[in-house]
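Asker: My structure is stored as final30.cif, with mmCIF, C-alpha atoms and all ligand atoms.
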```
data_entry
#
loop_
_atom_site.label_atom_id
_atom_site.label_comp_id
_atom_site.auth_asym_id
_atom_site.auth_seq_id
_atom_site.Cartn_x
_atom_site.Cartn_y
_atom_site.Cartn_z
CA MET A 96 9.25 16.85 23.39
CA GLY A 97 7.01 14.50 25.39
CA ASN A 98 4.30 14.84 22.78
CA ARG A 99 6.72 14.17 19.97
CA ASN A 100 7.36 10.74 21.49
CA ARG A 101 3.80 9.89 22.51
CA MET A 102 2.11 10.80 19.24
CA ARG A 103 1.73 7.83 16.91
CA VAL A 104 2.77 8.95 13.45
CA VAL A 105 3.32 7.05 10.23
CA LEU A 106 4.79 8.44 7.04
CA ALA A 107 2.77 7.91 3.86
CA PHE A 108 4.93 8.14 0.74
CA GLY A 109 2.72 7.98 -2.33
CA GLY A 110 1.02 9.70 -5.22
CA PHE A 111 -1.27 12.69 -4.96
CA ASP A 112 -4.70 11.75 -6.32
CA PRO A 113 -6.70 14.99 -6.52
CA THR A 114 -10.02 13.11 -6.17
CA GLY A 115 -8.96 12.12 -2.64
CA GLY A 116 -10.08 8.54 -3.29
CA ALA A 117 -6.58 7.04 -3.44
CA GLY A 118 -3.00 8.11 -2.77
CA VAL A 119 -1.80 10.07 0.26
CA LEU A 120 -5.11 11.86 0.88
CA MET A 121 -6.78 8.47 1.32
CA ASP A 122 -3.81 7.15 3.33
CA SER A 123 -4.21 9.99 5.77
CA ARG A 124 -7.94 9.30 6.24
CA ALA A 125 -7.37 5.55 6.65
CA ALA A 126 -4.57 6.09 9.19
CA ALA A 127 -6.76 8.52 11.14
CA ALA A 128 -9.54 5.92 11.20
CA ALA A 129 -6.95 3.50 12.65
CA GLY A 130 -6.07 6.02 15.38
CA VAL A 131 -2.74 7.20 13.95
CA HIS A 132 -1.62 10.47 12.40
CA ALA A 133 -0.17 10.23 8.89
CA CYS A 134 2.24 12.79 7.58
CA ALA A 135 2.80 12.54 3.85
CA VAL A 136 5.49 13.06 1.24
CA VAL A 137 4.10 13.17 -2.28
CA SER A 138 6.12 10.90 -4.59
CA CYS A 139 4.46 12.24 -7.75
CA LEU A 140 1.43 14.23 -8.83
CA THR A 141 -1.31 12.47 -10.76
CA VAL A 142 -4.02 13.75 -13.09
CA GLN A 143 -7.08 11.52 -12.81
CA THR A 144 -10.82 11.43 -12.32
CA THR A 145 -12.62 8.83 -10.18
CA ALA A 146 -12.84 6.55 -13.23
CA SER A 147 -9.87 7.30 -15.50
CA PHE A 148 -6.18 8.00 -15.14
CA SER A 149 -4.46 10.56 -17.44
CA ARG A 150 -0.85 10.92 -16.36
CA PHE A 151 1.61 11.51 -13.56
CA ALA A 152 4.26 14.20 -13.13
CA SER A 153 7.48 13.98 -11.16
CA VAL A 154 8.51 15.78 -7.99
CA PRO A 155 12.22 16.79 -8.09
CA ARG A 156 14.66 14.58 -6.16
CA ASP A 157 15.92 17.40 -3.93
CA VAL A 158 12.34 18.28 -2.93
CA LEU A 159 11.69 14.61 -2.08
CA ASP A 160 14.87 14.32 0.02
CA GLU A 161 14.18 17.56 1.88
CA SER A 162 10.54 16.60 2.50
CA LEU A 163 11.53 13.19 3.90
CA ALA A 164 14.08 14.88 6.17
CA ALA A 165 11.42 17.37 7.30
CA ALA A 166 8.98 14.55 8.16
CA GLU A 167 11.66 12.83 10.19
CA LYS A 168 12.57 16.04 11.99
CA SER A 169 8.93 16.74 12.86
CA PHE A 170 7.94 13.36 14.30
CA ARG A 171 9.22 10.15 15.78
CA LEU A 172 7.96 8.00 12.92
CA ARG A 173 6.55 4.56 13.82
CA ALA A 174 6.24 3.11 10.31
CA VAL A 175 6.41 4.03 6.64
CA LYS A 176 3.80 3.15 4.02
CA VAL A 177 4.84 3.33 0.37
CA GLY A 178 2.10 3.44 -2.24
CA MET A 179 2.43 4.74 -5.81
CA VAL A 180 6.08 5.61 -6.43
CA GLY A 181 5.90 6.60 -10.10
CA THR A 182 9.36 7.88 -10.95
CA ARG A 183 12.96 6.77 -10.61
CA ALA A 184 13.72 9.86 -8.49
CA ALA A 185 10.97 8.88 -6.05
CA ALA A 186 12.09 5.22 -5.90
CA GLU A 187 15.67 6.27 -5.19
CA ALA A 188 14.66 8.91 -2.62
CA ILE A 189 12.48 6.57 -0.54
CA LEU A 190 15.02 3.73 -0.86
CA SER A 191 17.80 5.89 0.53
CA PHE A 192 15.53 7.15 3.34
CA VAL A 193 14.50 3.67 4.52
CA ALA A 194 18.05 2.33 4.08
CA ALA A 195 19.18 4.97 6.58
CA HIS A 196 16.39 3.95 9.02
CA ARG A 197 16.71 0.18 9.25
CA ASP A 198 14.44 -0.15 12.30
CA LEU A 199 11.42 1.55 10.72
CA PRO A 200 8.71 -0.96 9.71
CA LEU A 201 8.04 -0.54 6.00
CA VAL A 202 4.74 -1.49 4.36
CA VAL A 203 4.95 -1.46 0.55
CA ASP A 204 1.76 -1.57 -1.51
CA PRO A 205 3.19 -2.56 -4.91
CA VAL A 206 1.16 -0.16 -7.05
CA LEU A 207 2.09 -1.02 -10.63
CA ARG A 208 -1.00 -0.11 -12.72
CA SER A 209 -4.27 1.73 -12.22
CA SER A 210 -7.46 -0.32 -12.45
CA SER A 211 -8.01 1.35 -15.84
CA GLY A 212 -4.65 -0.12 -16.97
CA ALA A 213 -2.34 2.93 -16.87
CA PRO A 214 1.25 2.17 -15.78
CA LEU A 215 1.98 3.82 -12.41
CA LEU A 216 5.67 2.91 -12.12
CA SER A 217 8.19 4.06 -14.68
CA PRO A 218 10.48 1.24 -16.03
CA SER A 219 13.54 3.32 -15.03
CA ALA A 220 12.39 3.10 -11.39
CA LEU A 221 12.59 -0.72 -11.35
CA PRO A 222 16.17 -1.27 -10.07
CA ALA A 223 15.59 0.90 -6.97
CA TYR A 224 12.03 -0.43 -6.60
CA ARG A 225 13.26 -4.05 -6.46
CA LEU A 226 15.62 -3.11 -3.60
CA LEU A 227 12.71 -1.38 -1.86
CA LEU A 228 10.69 -4.63 -2.03
CA ARG A 229 13.59 -6.45 -0.36
CA ARG A 230 13.69 -3.88 2.44
CA ALA A 231 9.93 -4.15 3.12
CA SER A 232 8.54 -5.63 6.33
CA VAL A 233 5.10 -6.16 4.74
CA LEU A 234 4.02 -6.32 1.08
CA THR A 235 0.35 -5.94 0.13
CA PRO A 236 -0.07 -7.01 -3.53
CA ASN A 237 -3.40 -7.79 -5.15
CA LEU A 238 -3.70 -10.78 -7.48
CA SER A 239 -2.39 -9.11 -10.65
CA GLU A 240 0.46 -7.40 -8.78
CA ALA A 241 1.51 -10.75 -7.26
CA GLU A 242 1.48 -12.27 -10.77
CA LYS A 243 3.66 -9.46 -12.09
CA LEU A 244 6.12 -9.62 -9.19
CA LEU A 245 6.47 -13.40 -9.57
CA ASP A 246 6.26 -13.29 -13.37
CA ARG A 247 3.78 -16.17 -13.46
CA ARG A 248 0.05 -16.85 -13.50
CA ILE A 249 -1.86 -17.71 -10.34
CA ASP A 250 -4.69 -20.07 -11.24
CA THR A 251 -6.24 -21.37 -8.03
CA PHE A 252 -6.74 -20.27 -4.45
CA ALA A 253 -4.20 -22.89 -3.30
CA ASP A 254 -1.76 -21.47 -5.85
CA ALA A 255 -2.38 -17.97 -4.46
CA ALA A 256 -1.43 -19.20 -0.98
CA GLU A 257 1.72 -20.71 -2.48
CA ALA A 258 2.43 -17.42 -4.29
CA ALA A 259 2.24 -15.47 -1.01
CA ARG A 260 4.87 -17.81 0.44
CA GLU A 261 7.07 -17.49 -2.66
CA LEU A 262 6.92 -13.69 -2.53
CA SER A 263 7.86 -13.80 1.12
CA ASP A 264 10.80 -16.12 0.37
CA LEU A 265 12.00 -13.77 -2.39
CA THR A 266 11.81 -10.57 -0.37
CA GLY A 267 12.00 -11.57 3.29
CA ALA A 268 8.78 -9.60 3.93
CA SER A 269 5.47 -10.74 5.35
CA VAL A 270 2.98 -10.87 2.48
CA VAL A 271 -0.69 -9.87 2.50
CA LEU A 272 -2.14 -11.11 -0.80
CA LYS A 273 -5.34 -9.08 -1.06
CA GLY A 274 -8.33 -11.15 -2.10
CA GLY A 275 -10.57 -8.40 -3.48
CA HIS A 276 -10.02 -9.58 -7.08
CA PHE A 277 -9.93 -13.35 -6.45
CA PRO A 278 -12.18 -14.99 -9.09
CA TRP A 279 -12.55 -18.29 -7.17
CA ARG A 280 -15.92 -19.30 -5.75
CA GLY A 281 -16.40 -18.28 -2.13
CA ARG A 282 -12.90 -16.78 -1.95
CA ARG A 283 -13.47 -13.19 -3.10
CA GLY A 284 -12.30 -10.87 -0.34
CA THR A 285 -10.37 -13.57 1.55
CA ASP A 286 -6.91 -12.12 2.20
CA ILE A 287 -3.98 -14.53 2.46
CA VAL A 288 -1.34 -13.52 5.00
CA PHE A 289 2.03 -15.27 5.02
CA SER A 290 4.02 -14.11 8.03
CA GLY A 291 6.56 -15.75 10.32
CA GLY A 292 6.45 -18.97 8.31
CA ARG A 293 2.66 -19.35 8.70
CA THR A 294 -0.30 -18.84 6.40
CA THR A 295 -3.44 -17.19 7.83
CA LEU A 296 -6.66 -16.80 5.84
CA LEU A 297 -8.78 -13.76 6.66
CA PRO A 298 -12.24 -14.04 5.09
CA ALA A 299 -14.12 -11.03 3.72
CA ILE A 300 -16.01 -8.89 6.22
CA GLY A 301 -19.36 -7.45 5.13
CA ALA A 302 -20.99 -7.20 1.73
CA ARG A 303 -19.02 -6.41 -1.40
CA ARG A 304 -20.11 -3.12 -3.01
CA GLY A 305 -18.50 -2.63 -6.39
CA ASP A 306 -14.79 -1.88 -6.42
CA PRO A 307 -14.31 1.47 -4.68
CA HIS A 308 -11.37 3.51 -5.92
CA GLY A 309 -8.51 3.48 -3.41
CA THR A 310 -9.53 0.39 -1.40
CA GLY A 311 -6.03 -1.11 -1.79
CA CYS A 312 -4.34 2.16 -0.73
CA ALA A 313 -6.56 2.46 2.31
CA LEU A 314 -6.04 -1.14 3.45
CA ALA A 315 -2.23 -0.85 3.24
CA ALA A 316 -2.28 2.51 5.04
CA ALA A 317 -4.45 1.12 7.85
CA ILE A 318 -2.10 -1.90 8.16
CA ALA A 319 0.90 0.47 8.41
CA ALA A 320 -0.95 2.56 11.00
CA ARG A 321 -1.73 -0.48 13.17
CA ILE A 322 1.83 -1.79 12.85
CA GLY A 323 3.02 1.70 13.83
CA ALA A 324 0.72 1.46 16.85
CA GLY A 325 2.48 -1.77 17.88
CA ASP A 326 0.25 -4.53 16.44
CA ALA A 327 1.79 -7.70 14.97
CA VAL A 328 1.12 -8.35 11.27
CA VAL A 329 -1.97 -10.61 11.47
CA PRO A 330 -3.83 -8.48 14.08
CA ALA A 331 -2.88 -5.35 12.08
CA VAL A 332 -4.43 -6.84 8.93
CA GLN A 333 -7.52 -7.96 10.87
CA ALA A 334 -8.01 -4.46 12.30
CA ALA A 335 -7.42 -2.86 8.88
CA LYS A 336 -9.96 -5.18 7.23
CA SER A 337 -12.61 -4.32 9.75
CA LEU A 338 -11.95 -0.58 9.31
CA LEU A 339 -12.10 -0.97 5.55
CA SER A 340 -15.43 -2.77 5.69
CA LYS A 341 -16.86 0.32 7.39
CA LEU A 342 -15.35 2.64 4.77
CA VAL A 343 -16.66 0.44 1.95
CA ALA A 344 -20.15 0.28 3.52
CA GLY A 345 -20.20 4.10 3.45
CA ALA A 346 -18.86 4.42 -0.13
CA PHE A 347 -20.81 6.79 -2.37
CA PRO A 348 -20.96 6.92 -6.17
CA SER A 349 -18.97 9.74 -7.78
CA ALA A 350 -20.48 11.79 -10.64
CA GLU A 351 -18.92 9.17 -12.94
CA GLY A 352 -20.69 6.37 -11.07
CA ARG A 353 -17.59 4.87 -9.44
CA PRO A 354 -18.00 4.01 -5.76
CA THR A 355 -15.66 6.19 -3.70
CA LEU A 356 -14.71 5.64 -0.05
CA PHE A 357 -16.20 8.07 2.42
CA PRO A 358 -15.03 7.76 6.03
N1 LIG A 401 -3.57 7.04 -7.99
C1 LIG A 401 -2.80 6.84 -6.94
C2 LIG A 401 -2.03 7.99 -6.38
C3 LIG A 401 -2.71 5.56 -6.39
O1 LIG A 401 -1.92 5.33 -5.32
C4 LIG A 401 -3.47 4.49 -6.96
C5 LIG A 401 -3.45 3.14 -6.41
O2 LIG A 401 -2.84 2.82 -5.44
C6 LIG A 401 -4.26 4.76 -8.06
C7 LIG A 401 -4.28 6.04 -8.54
C8 LIG A 401 -5.05 3.68 -8.72
O3 LIG A 401 -6.24 3.53 -8.11
P1 LIG A 401 -7.38 2.64 -8.76
O4 LIG A 401 -6.87 2.06 -10.01
O5 LIG A 401 -7.71 1.65 -7.70
O6 LIG A 401 -8.51 3.55 -9.01
#
```
Starting from the file, give its structure as structure tokens.
Answerer:
Amino acid sequence: MGNRNRMRVVLAFGGFDPTGGAGVLMDSRAAAAAGVHACAVVSCLTVQTTASFSRFASVPRDVLDESLAAAEKSFRLRAVKVGMVGTRAAAEAILSFVAAHRDLPLVVDPVLRSSSGAPLLSPSALPAYRLLLRRASVLTPNLSEAEKLLDRRIDTFADAAEAARELSDLTGASVVLKGGHFPWRGRRGTDIVFSGGRTTLLPAIGARRGDPHGTGCALAAAIAARIGAGDAVVPAVQAAKSLLSKLVAGAFPSAEGRPTLFP
């Protein structure tokens, strides 16, 4: 019983990427690097290589509900991280779980498409997914996800900072707009955090080495882990960025040539 309370555990709800580069396998490694255990409920199965995405397959709703209940029974959860949701059943299952646990910090990484362009969220999942975004404590979009969520283009770095504030106003969440894909001179890798009414800029740490598969998953998982360990949003993002820079420095090329994170 004592251990159940002392152990820091976050729940990762996301897709199963069999390469281990993204999804819940990566979440678990990133959380461990941040000093926190991650248990995982698989929202959907994916078929993919390190460089291309084929398809995803659903997990039945009753299996999702029972798995979420089992995670809750096993641990005193400190936070939940939601990555790829995929199906309507998964969106509805995680929404009803977090609605029943209002005090649990919720980090949502709004995974909408793979970097190769494949849709990772079914249109039928959108109504529940929108409610999930409104329940989030922290959202971690990249540039194209922020554009999709706001349904507008983001053309400058100043506009990106404004977009982070807008997303926060719309959802009530703190927003970490990830800078890994920023095209603006000197700004690549600078994350924009809007939290508690304030904007904080967190410049890139270390050299950029390609675009390793799963970097976004890992950053959001490490943020959730640090929030679960008691950090406030900005220190959690700072700690996650510094962990990620170590993972990225150790990335190795897969057989297809795509850099893959290697803790
Ligand atoms: N597969 C899963 C399960 C994911 O969660 C993600 C992204 O979050 C991806 C694939 C896409 O990864 P990428 O396009 O960065 O390779």
Asker: For ligand LIG 401 (chain A), return the neighbouring residues as an MDAnalysis selection string (distance at most 7 Å; all atoms listed in the file).
Answerer: chainID A and resid 109:112 117:119 141 145:146 178:179 206 208:211 308:312
Asker: Write out as a compact mmCIF listing (two decimals) with C-alpha atoms, in the frame of the given file each polymer residue whose atoms come within 8 Å of His132 (chain A), counting all atoms listed in the file; drop sequence neighbours fewer than 3 positions from it.
Answerer:
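Done, and the output landed in selection-v8.txt:
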```txt
# COMPACT_ATOMS: atom_id res chain seq x y z
CA MET A 102 2.11 10.80 19.24
CA ARG A 103 1.73 7.83 16.91
CA VAL A 104 2.77 8.95 13.45
CA VAL A 105 3.32 7.05 10.23
CA SER A 123 -4.21 9.99 5.77
CA ALA A 126 -4.57 6.09 9.19
CA ALA A 127 -6.76 8.52 11.14
```
Asker: For Ala344 (chain A), list every protein, DNA or RNA residue within 12 Å, evaluated using all atoms listed in the file, and leave out those in the same chain fewer than 6 positions away; present the list as a PyMOL selection string.
Answerer: chain A and resi 300-307+310+337-338+354-358
Asker: Would you tabulate, counting all atoms listed in the file, all residues of region 241-299 of chain A that have an atom at most 12 Å from an atom of region 317-324 of chain A, showing the closest pair of atoms and their distance in Å to one decimal, sorted by chain then ascending number, as a Markdown table?
Answerer:
```
| residue | atom | partner | partner_atom | distance |
| --- | --- | --- | --- | --- |
| A:Ser269 | CA | A:Ile318 | CA | 12.0 |
| A:Val270 | CA | A:Ile318 | CA | 11.8 |
| A:Val271 | CA | A:Ile318 | CA | 9.9 |
```
Asker: In Å, with one decimal, what is the gap from CA of Ser153 (chain A) to CA of Val131 (chain A)?
Answerer: 27.9 Å
Asker: Go ahead and compute the interatomic distance for CA of Val142 (chain A) and CA of Gly284 (chain A), in Å to one decimal.
Answerer: 28.9 Å
